[in-house]
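Q: What follows is run37.cif, mmCIF, C-alpha atoms.
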```cif
data_structure
loop_
_atom_site.label_atom_id
_atom_site.label_comp_id
_atom_site.auth_asym_id
_atom_site.auth_seq_id
_atom_site.Cartn_x
_atom_site.Cartn_y
_atom_site.Cartn_z
CA MET P 1 66.31 83.68 -8.51
CA LYS P 2 63.91 85.23 -5.97
CA THR P 3 61.04 84.80 -8.43
CA ILE P 4 61.78 81.07 -8.85
CA THR P 5 62.07 80.59 -5.08
CA THR P 6 58.77 82.39 -4.47
CA LEU P 7 57.07 80.30 -7.16
CA CYS P 8 58.36 77.05 -5.64
CA LEU P 9 57.18 78.07 -2.17
CA THR P 10 53.74 79.00 -3.53
CA LEU P 11 53.38 75.64 -5.33
CA TRP P 12 54.49 73.76 -2.21
CA LEU P 13 52.04 75.68 -0.02
CA CYS P 14 49.15 75.04 -2.41
CA THR P 15 49.97 71.32 -2.48
CA ALA P 16 50.18 71.17 1.32
CA LEU P 17 46.86 72.99 1.77
CA GLU P 18 45.16 70.72 -0.76
CA ALA P 19 46.46 67.61 1.01
CA GLN P 20 44.93 68.79 4.28
CA THR P 21 41.43 68.45 2.78
CA GLN P 22 41.92 64.96 1.37
CA GLY P 23 41.69 61.45 2.77
CA GLU P 24 42.81 57.95 1.87
CA ILE P 25 41.30 54.50 1.38
CA TYR P 26 43.40 51.47 2.28
CA GLY P 27 42.42 47.82 2.28
CA ASN P 28 43.06 44.17 1.62
CA VAL P 29 41.28 41.88 -0.84
CA LYS P 30 41.31 38.19 0.08
CA ASP P 31 40.52 35.08 -1.96
CA ALA P 32 37.76 33.02 -0.33
CA ASN P 33 39.17 29.79 -1.75
CA GLN P 34 42.85 30.22 -0.89
CA ASN P 35 42.47 32.48 2.17
CA GLY P 36 45.25 34.73 0.91
CA GLY P 37 45.69 38.09 -0.77
CA LEU P 38 44.23 38.45 -4.27
CA PRO P 39 46.47 40.44 -6.67
CA GLY P 40 45.29 42.34 -9.75
CA VAL P 41 41.84 43.29 -8.48
CA VAL P 42 40.61 46.55 -10.05
CA VAL P 43 39.40 48.97 -7.37
CA THR P 44 37.28 51.95 -8.44
CA ILE P 45 35.78 54.67 -6.25
CA GLU P 46 32.43 56.09 -7.34
CA ASN P 47 30.77 59.26 -6.07
CA SER P 48 27.04 59.73 -5.48
CA ALA P 49 26.42 60.51 -9.16
CA GLY P 50 28.10 57.30 -10.34
CA HIS P 51 31.23 58.99 -11.67
CA ILE P 52 34.63 57.34 -11.06
CA PRO P 53 37.15 60.02 -10.04
CA TYR P 54 39.60 57.60 -8.37
CA GLY P 55 40.88 54.09 -8.93
CA GLY P 56 43.70 51.60 -8.47
CA ALA P 57 44.53 47.90 -8.21
CA THR P 58 45.72 45.45 -5.57
CA ASP P 59 49.40 44.49 -5.35
CA LEU P 60 50.91 40.99 -5.10
CA ASP P 61 49.72 40.71 -1.49
CA GLY P 62 46.16 41.79 -2.33
CA LYS P 63 46.58 45.21 -0.73
CA PHE P 64 45.67 48.59 -2.20
CA ARG P 65 46.03 52.24 -1.21
CA ILE P 66 44.33 55.15 -2.95
CA SER P 67 45.31 58.63 -1.75
CA GLY P 68 44.25 62.19 -2.56
CA ILE P 69 40.52 61.51 -2.22
CA GLU P 70 38.32 64.51 -1.56
CA GLN P 71 36.26 64.08 1.60
CA GLY P 72 32.79 62.66 1.11
CA THR P 73 30.79 59.42 0.90
CA TYR P 74 31.63 56.97 -1.88
CA ASN P 75 30.94 53.49 -3.22
CA VAL P 76 33.99 51.26 -3.72
CA ARG P 77 33.77 48.61 -6.44
CA PHE P 78 36.05 45.53 -6.66
CA GLN P 79 36.26 43.69 -10.00
CA MET P 80 38.27 40.75 -11.37
CA ASN P 81 37.70 38.19 -14.13
CA GLY P 82 36.31 34.95 -12.71
CA LYS P 83 35.34 36.56 -9.41
CA THR P 84 32.04 37.95 -8.19
CA SER P 85 32.23 41.75 -8.15
CA ILE P 86 31.71 43.47 -4.81
CA LEU P 87 30.28 46.95 -4.26
CA LYS P 88 30.96 48.51 -0.85
CA THR P 89 28.47 51.31 -0.21
CA SER P 90 28.48 54.24 2.25
CA VAL P 91 32.27 54.46 2.52
CA ILE P 92 33.05 57.72 4.32
CA VAL P 93 36.33 59.48 3.54
CA ASN P 94 37.47 62.13 6.01
CA PRO P 95 40.35 64.59 5.66
CA ASP P 96 43.74 63.42 6.99
CA LYS P 97 42.29 60.03 7.84
CA ILE P 98 42.69 56.49 6.51
CA THR P 99 39.46 54.62 5.77
CA VAL P 100 39.95 50.84 5.84
CA VAL P 101 37.92 48.74 3.38
CA ASN P 102 38.54 44.96 3.41
CA VAL P 103 36.66 42.43 1.27
CA THR P 104 36.73 38.72 0.41
CA MET P 105 36.03 37.70 -3.19
CA SER P 106 34.65 34.32 -4.28
CA ASP P 107 34.47 32.59 -7.67
CA SER P 108 31.55 33.90 -9.69
CA SER P 109 30.36 30.37 -10.54
CA TYR P 110 30.37 29.43 -6.84
CA MET P 111 28.34 32.42 -5.68
CA GLY P 112 25.96 32.37 -8.65
CA LYS P 113 25.83 36.19 -8.58
CA ALA P 114 27.39 38.86 -10.78
CA LEU P 115 27.48 41.50 -8.04
CA VAL P 116 27.39 41.45 -4.24
CA ILE P 117 26.46 44.71 -2.49
CA GLU P 118 27.76 45.25 1.04
CA GLU P 119 27.33 48.30 3.24
CA GLN P 120 30.48 49.58 4.91
CA ALA P 121 30.22 49.15 8.68
CA ILE P 122 31.44 51.83 11.08
CA PRO P 123 34.49 50.35 12.90
CA LEU P 124 34.18 49.88 16.66
CA ILE P 125 37.86 50.84 17.17
CA ASP P 126 39.20 54.05 15.65
CA ILE P 127 42.70 53.47 14.24
CA SER P 128 43.52 57.15 14.86
CA GLY P 129 43.35 56.46 18.60
CA GLY P 130 40.21 58.49 19.11
CA THR P 131 41.98 61.86 18.84
CA LEU P 132 40.30 62.80 15.56
CA HIS P 133 36.56 63.42 15.48
CA THR P 134 34.74 64.28 12.25
CA LEU P 135 31.24 65.62 11.72
CA THR P 136 29.85 65.28 8.18
CA ALA P 137 27.20 67.43 6.51
CA LYS P 138 24.66 64.61 6.89
CA GLU P 139 25.26 64.33 10.64
CA MET P 140 25.23 68.09 11.05
CA LYS P 141 21.58 68.23 10.06
CA HIS P 142 20.69 66.48 13.33
CA LEU P 143 22.94 68.61 15.58
CA PRO P 144 20.98 71.47 17.20
CA SER P 145 24.12 73.57 17.78
CA ALA P 146 24.85 73.56 14.02
CA HIS P 147 22.01 75.94 13.29
CA GLY P 148 23.33 79.47 12.98
CA GLY P 149 26.73 78.52 11.61
CA ASN P 150 28.72 79.31 14.76
CA ILE P 151 31.79 77.07 14.46
CA LYS P 152 32.62 77.22 18.18
CA ASN P 153 29.12 76.17 19.19
CA ILE P 154 29.19 73.31 16.68
CA VAL P 155 32.51 71.99 18.01
CA ALA P 156 31.36 72.30 21.63
CA GLY P 157 28.24 70.32 20.70
CA MET P 158 30.36 67.58 19.11
CA LEU P 159 32.62 66.75 22.06
CA SER P 160 32.06 66.66 25.79
CA ASP P 161 35.71 67.51 26.59
CA VAL P 162 35.60 70.78 24.63
CA LYS P 163 34.08 73.72 26.48
CA THR P 164 33.27 77.30 25.56
CA GLY P 165 34.06 80.35 27.68
CA GLY P 166 31.48 82.31 29.63
CA ARG P 167 30.57 84.43 26.61
CA GLY P 168 31.22 81.69 24.08
CA GLU P 169 34.13 83.57 22.53
CA GLU P 170 36.80 80.92 23.28
CA LEU P 171 37.13 77.14 23.10
CA TYR P 172 39.04 75.17 25.72
CA PHE P 173 40.37 71.68 25.03
CA ARG P 174 40.80 69.67 28.23
CA GLY P 175 41.88 72.68 30.27
CA SER P 176 43.99 74.39 27.60
CA ARG P 177 44.59 78.13 27.73
CA ALA P 178 42.68 80.73 25.76
CA GLY P 179 43.95 81.30 22.22
CA SER P 180 45.60 77.86 21.94
CA VAL P 181 43.15 76.52 19.35
CA LEU P 182 44.02 76.61 15.63
CA TYR P 183 41.38 76.82 12.91
CA PHE P 184 41.82 75.82 9.27
CA ILE P 185 39.11 76.79 6.79
CA ASP P 186 39.71 75.08 3.44
CA GLY P 187 43.40 74.84 4.33
CA VAL P 188 43.80 78.50 5.41
CA LYS P 189 44.89 79.05 9.02
CA VAL P 190 42.68 81.35 11.11
CA ARG P 191 43.57 82.17 14.70
CA GLU P 192 41.02 84.80 15.61
CA ASN P 193 37.75 86.21 14.30
CA VAL P 194 36.55 82.84 13.00
CA PRO P 195 33.65 83.63 10.65
CA ASN P 196 30.22 82.06 10.92
CA ILE P 197 29.61 79.59 8.09
CA PRO P 198 26.09 78.43 7.20
CA SER P 199 25.78 74.75 8.08
CA SER P 200 24.40 74.07 4.59
CA GLY P 201 27.76 75.17 3.15
CA ILE P 202 29.93 72.97 5.41
CA ALA P 203 31.08 69.62 4.03
CA SER P 204 32.77 68.44 7.24
CA ILE P 205 34.34 69.59 10.49
CA SER P 206 37.28 67.60 11.87
CA VAL P 207 38.55 68.19 15.40
CA TYR P 208 41.94 67.03 16.69
CA THR P 209 42.06 66.72 20.47
CA GLY P 210 45.55 65.20 20.37
CA GLY P 211 48.06 63.64 18.00
CA VAL P 212 47.98 66.64 15.68
CA PRO P 213 49.69 65.97 12.30
CA ALA P 214 52.91 67.89 11.68
CA SER P 215 51.34 69.59 8.65
CA TYR P 216 49.25 71.75 10.99
CA GLY P 217 52.20 73.01 13.01
CA ASP P 218 52.61 73.47 16.76
CA CYS P 219 49.53 73.60 18.92
CA THR P 220 49.00 73.40 22.69
CA GLY P 221 45.22 73.12 22.51
CA GLY P 222 43.37 71.56 19.60
CA VAL P 223 43.01 71.91 15.84
CA ILE P 224 39.70 72.44 14.04
CA VAL P 225 39.60 71.77 10.30
CA ILE P 226 36.57 73.07 8.38
CA ASN P 227 35.97 72.03 4.78
CA THR P 228 33.28 73.85 2.85
CA LYS P 229 31.31 72.27 0.03
CA SER P 230 32.78 72.55 -3.43
CA TYR P 231 30.88 73.32 -6.61
CA LEU P 232 31.17 69.68 -7.75
CA GLN P 233 29.71 68.38 -4.48
CA GLU P 234 26.71 70.71 -4.82
CA PHE P 235 26.31 69.68 -8.47
CA TYR P 236 26.37 65.95 -7.71
CA GLN P 237 23.95 66.36 -4.79
CA LYS P 238 21.47 68.20 -7.00
CA GLN P 239 21.85 65.55 -9.69
CA LYS P 240 21.16 62.80 -7.18
CA ALA P 241 18.10 64.64 -5.83
CA LEU P 242 16.69 64.97 -9.38
CA LEU P 243 17.21 61.25 -10.04
CA GLU P 244 15.45 60.32 -6.80
#
```
What would you get if you wrote out this structure as structure tokens?

A:
Amino acid sequence: MKTITTLCLTLWLCTALEAQTQGEIYGNVKDANQNGGLPGVVVTIENSAGHIPYGGATDLDGKFRISGIEQGTYNVRFQMNGKTSILKTSVIVNPDKITVVNVTMSDSSYMGKALVIEEQAIPLIDISGGTLHTLTAKEMKHLPSAHGGNIKNIVAGMLSDVKTGGRGEELYFRGSRAGSVLYFIDGVKVRENVPNIPSSGIASISVYTGGVPASYGDCTGGVIVINTKSYLQEFYQKQKALLE
């Protein structure tokens, strides 16, 4: 009985830790002619190498939701018979965050095109309320504090309301006390002795300054979630570099 209970707890913990490194894409597909939701549209998510690891379809109201997406930058393709296909590029998926992608599809005969390519715009208003800030590997290249791999210096360089102590050994979120910051590295909680991680090996750093999800537990300061690059991400990046 103890063995079964331990196994169940281990499986639950692994699932919870995996979910903390994944994001979600949600959106609505409208019909340009009827100005309503378009059901039955096939939605596929392509990575940088052109592979399709995720997919789904719109419901009766033209809405779709695809969960469990590993953080990264994707292209989202919308396809339906009789409609011009749409490819949304540069769609960024961050851990524990919903990325909204809305499109309007027209009749293929009306547009005269087989495919319309649109770049995903960065929203002016953050639906998370501005309490979640994410730094991607691409943005990290242009952050001076990222060189050296010191996580605390990187976070302090990201946000003006996060300060380091006199010796740089502690982070303070809006006047919080020392030791009140939680760190998660690939889903593993770390309270002290946060290791330096080369910036080239970091996929993203997400910082919660408020509204911390229940999955991370109690926290009086802030939560810092670090996701390192996986083997597949490195493989796809090298493939893309060879093709270019």

Q: For atom CA of Val76 of chain P and atom CA of Lys88 of chain P, quote the distance in Å rounded to one decimal.

A: 5.0 Å

Q: Evaluated on this file, the PyMOL selection byres ((chain P and resi 201-217) around 6) picks out some residues - which ones are they, written as a PyMOL selection string?

A: chain P and resi 131-137+198-200+218+222-229

Q: Using Å and a single decimal, report how far atom CA of Asn75 of chain P sits from atom CA of Asn47 of chain P.

A: 6.4 Å

Q: Convert the output of the PyMOL selection byres ((chain P and resi 91-102) around 7) on the shown file into explicit residues, formatted as a PyMOL selection string.

A: chain P and resi 20-29+71-75+88-90+103+120

Q: Could you save those same residues with C-alpha atoms as a short mmCIF file (atom, residue, chain, number, x, y, z; two decimals), in the coordinates of the input?

A:
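Resulting contents of part-v9.cif:
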```cif
data_model
loop_
_atom_site.label_atom_id
_atom_site.label_comp_id
_atom_site.auth_asym_id
_atom_site.auth_seq_id
_atom_site.Cartn_x
_atom_site.Cartn_y
_atom_site.Cartn_z
CA GLN P 20 44.93 68.79 4.28
CA THR P 21 41.43 68.45 2.78
CA GLN P 22 41.92 64.96 1.37
CA GLY P 23 41.69 61.45 2.77
CA GLU P 24 42.81 57.95 1.87
CA ILE P 25 41.30 54.50 1.38
CA TYR P 26 43.40 51.47 2.28
CA GLY P 27 42.42 47.82 2.28
CA ASN P 28 43.06 44.17 1.62
CA VAL P 29 41.28 41.88 -0.84
CA GLN P 71 36.26 64.08 1.60
CA GLY P 72 32.79 62.66 1.11
CA THR P 73 30.79 59.42 0.90
CA TYR P 74 31.63 56.97 -1.88
CA ASN P 75 30.94 53.49 -3.22
CA LYS P 88 30.96 48.51 -0.85
CA THR P 89 28.47 51.31 -0.21
CA SER P 90 28.48 54.24 2.25
CA VAL P 103 36.66 42.43 1.27
CA GLN P 120 30.48 49.58 4.91
#
```

Q: Select, from P:Val43, P:Ala32, P:Leu38, P:Val194, the residue with the minimum atom-to-atom distance to Asp59 of chain P, counting only C-alpha atoms.

A: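 Nearest candidate to Asp59 of chain P out of P:Val43, P:Ala32, P:Leu38, P:Val194: P:Leu38.
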
Q: When distances are computed from all atoms listed in the file, which of P:Ile197, P:Gln79, P:Ser230, P:Ser85 shows the smallest separation from His147 of chain P?

A: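 The answer is P:Ile197, which sits nearest to His147 of chain P.
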
Q: Name every residue that the PyMOL selection byres ((chain P and resi 84) around 7) selects in this structure, writing the answer as a PyMOL selection string with chains first and numbers rising.

A: chain P and resi 82-83+85-86+105-108+113-115

Q: Quick one, how far is atom CA of Leu159 of chain P from atom CA of Arg191 of chain P?

A: 20.3 Å

Q: Show which residues sit within 9 Å of Leu143 of chain P, as an NGL selection string. Count all atoms listed in the file, and ignore same-chain residues fewer than 6 positions away.

A: :P and (154 or 157-158)

Q: Kindly export the residues of the current selection with C-alpha atoms, as a PDB file, in the frame of the given file.

A:
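And here is the file that came out, selection_19.pdb:
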```
ATOM      1  CA  ILE P 154      29.190  73.310  16.680  1.00  0.00           C
ATOM      2  CA  GLY P 157      28.240  70.320  20.700  1.00  0.00           C
ATOM      3  CA  MET P 158      30.360  67.580  19.110  1.00  0.00           C
TER       4      MET P 158
END
```

Q: For Leu182 of chain P, which residue out of P:Val41, P:Cys219, P:Ile151, P:Ala146 is the nearest one, using only C-alpha atoms?

A: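 Under the stated criterion, the closest residue is P:Cys219.
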
Q: Counting all atoms listed in the file, which of P:Gly62, P:Gly55, P:Gly165, P:Gly187 gets nearest to Asn35 of chain P?

A: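 Of P:Gly62, P:Gly55, P:Gly165, P:Gly187, the one nearest Asn35 of chain P, counting all atoms listed in the file, is P:Gly62.
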
Q: For C-alpha atoms, please extract segment 148-221 of chain P from the block and return it as a PDB file, in the first residue's frame.

A:
```pdb
ATOM      1  CA  GLY P 148      28.142  35.616 -16.320  1.00  0.00           C
ATOM      2  CA  GLY P 149      25.024  33.593 -15.602  1.00  0.00           C
ATOM      3  CA  ASN P 150      24.231  35.178 -12.229  1.00  0.00           C
ATOM      4  CA  ILE P 151      20.464  34.683 -11.890  1.00  0.00           C
ATOM      5  CA  LYS P 152      20.049  37.428  -9.274  1.00  0.00           C
ATOM      6  CA  ASN P 153      21.827  40.001 -11.422  1.00  0.00           C
ATOM      7  CA  ILE P 154      19.726  39.016 -14.437  1.00  0.00           C
ATOM      8  CA  VAL P 155      16.466  39.436 -12.513  1.00  0.00           C
ATOM      9  CA  ALA P 156      17.571  42.766 -11.044  1.00  0.00           C
ATOM     10  CA  GLY P 157      18.389  43.935 -14.568  1.00  0.00           C
ATOM     11  CA  MET P 158      14.921  42.919 -15.791  1.00  0.00           C
ATOM     12  CA  LEU P 159      12.792  44.886 -13.324  1.00  0.00           C
ATOM     13  CA  SER P 160      13.205  48.257 -11.666  1.00  0.00           C
ATOM     14  CA  ASP P 161      11.216  47.233  -8.561  1.00  0.00           C
ATOM     15  CA  VAL P 162      13.549  44.315  -7.770  1.00  0.00           C
ATOM     16  CA  LYS P 163      16.731  45.247  -5.936  1.00  0.00           C
ATOM     17  CA  THR P 164      19.799  43.339  -4.808  1.00  0.00           C
ATOM     18  CA  GLY P 165      21.411  43.598  -1.379  1.00  0.00           C
ATOM     19  CA  GLY P 166      24.669  45.398  -0.695  1.00  0.00           C
ATOM     20  CA  ARG P 167      26.735  42.356  -1.638  1.00  0.00           C
ATOM     21  CA  GLY P 168      24.300  41.098  -4.250  1.00  0.00           C
ATOM     22  CA  GLU P 169      23.510  37.962  -2.257  1.00  0.00           C
ATOM     23  CA  GLU P 170      19.770  38.668  -1.823  1.00  0.00           C
ATOM     24  CA  LEU P 171      16.879  39.909  -3.950  1.00  0.00           C
ATOM     25  CA  TYR P 172      14.195  42.194  -2.540  1.00  0.00           C
ATOM     26  CA  PHE P 173      10.787  42.522  -4.189  1.00  0.00           C
ATOM     27  CA  ARG P 174       9.140  45.854  -3.361  1.00  0.00           C
ATOM     28  CA  GLY P 175      10.522  45.948   0.168  1.00  0.00           C
ATOM     29  CA  SER P 176      10.155  42.239   0.975  1.00  0.00           C
ATOM     30  CA  ARG P 177      12.350  40.629   3.605  1.00  0.00           C
ATOM     31  CA  ALA P 178      15.498  38.640   2.925  1.00  0.00           C
ATOM     32  CA  GLY P 179      14.915  34.974   2.081  1.00  0.00           C
ATOM     33  CA  SER P 180      11.319  35.518   0.885  1.00  0.00           C
ATOM     34  CA  VAL P 181      12.077  34.787  -2.776  1.00  0.00           C
ATOM     35  CA  LEU P 182      11.445  31.317  -4.238  1.00  0.00           C
ATOM     36  CA  TYR P 183      13.417  29.933  -7.173  1.00  0.00           C
ATOM     37  CA  PHE P 184      12.324  27.122  -9.493  1.00  0.00           C
ATOM     38  CA  ILE P 185      14.884  25.665 -11.892  1.00  0.00           C
ATOM     39  CA  ASP P 186      13.191  23.323 -14.372  1.00  0.00           C
ATOM     40  CA  GLY P 187      10.409  22.795 -11.823  1.00  0.00           C
ATOM     41  CA  VAL P 188      12.710  22.087  -8.845  1.00  0.00           C
ATOM     42  CA  LYS P 189      12.394  24.477  -5.899  1.00  0.00           C
ATOM     43  CA  VAL P 190      15.624  26.124  -4.719  1.00  0.00           C
ATOM     44  CA  ARG P 191      15.642  28.474  -1.736  1.00  0.00           C
ATOM     45  CA  GLU P 192      19.323  29.122  -1.206  1.00  0.00           C
ATOM     46  CA  ASN P 193      22.612  28.666  -3.043  1.00  0.00           C
ATOM     47  CA  VAL P 194      21.084  29.380  -6.453  1.00  0.00           C
ATOM     48  CA  PRO P 195      23.655  28.173  -8.995  1.00  0.00           C
ATOM     49  CA  ASN P 196      25.004  30.294 -11.817  1.00  0.00           C
ATOM     50  CA  ILE P 197      23.646  29.149 -15.179  1.00  0.00           C
ATOM     51  CA  PRO P 198      25.324  30.173 -18.451  1.00  0.00           C
ATOM     52  CA  SER P 199      22.985  32.507 -20.315  1.00  0.00           C
ATOM     53  CA  SER P 200      23.425  30.371 -23.447  1.00  0.00           C
ATOM     54  CA  GLY P 201      21.763  27.478 -21.586  1.00  0.00           C
ATOM     55  CA  ILE P 202      18.726  29.444 -20.350  1.00  0.00           C
ATOM     56  CA  ALA P 203      15.526  29.211 -22.400  1.00  0.00           C
ATOM     57  CA  SER P 204      13.564  31.744 -20.335  1.00  0.00           C
ATOM     58  CA  ILE P 205      13.314  33.425 -16.950  1.00  0.00           C
ATOM     59  CA  SER P 206       9.853  34.290 -15.613  1.00  0.00           C
ATOM     60  CA  VAL P 207       9.432  36.536 -12.581  1.00  0.00           C
ATOM     61  CA  TYR P 208       6.229  36.828 -10.546  1.00  0.00           C
ATOM     62  CA  THR P 209       6.013  40.068  -8.594  1.00  0.00           C
ATOM     63  CA  GLY P 210       2.450  39.304  -7.467  1.00  0.00           C
ATOM     64  CA  GLY P 211      -0.477  37.019  -8.180  1.00  0.00           C
ATOM     65  CA  VAL P 212       1.636  33.901  -7.731  1.00  0.00           C
ATOM     66  CA  PRO P 213      -0.132  30.704  -8.953  1.00  0.00           C
ATOM     67  CA  ALA P 214      -1.089  28.217  -6.247  1.00  0.00           C
ATOM     68  CA  SER P 215       1.162  25.580  -7.833  1.00  0.00           C
ATOM     69  CA  TYR P 216       4.212  27.451  -6.525  1.00  0.00           C
ATOM     70  CA  GLY P 217       3.029  27.536  -2.921  1.00  0.00           C
ATOM     71  CA  ASP P 218       3.138  30.338  -0.359  1.00  0.00           C
ATOM     72  CA  CYS P 219       5.473  33.240  -0.931  1.00  0.00           C
ATOM     73  CA  THR P 220       5.782  36.671   0.687  1.00  0.00           C
ATOM     74  CA  GLY P 221       8.279  38.033  -1.823  1.00  0.00           C
TER      75      GLY P 221
END
```
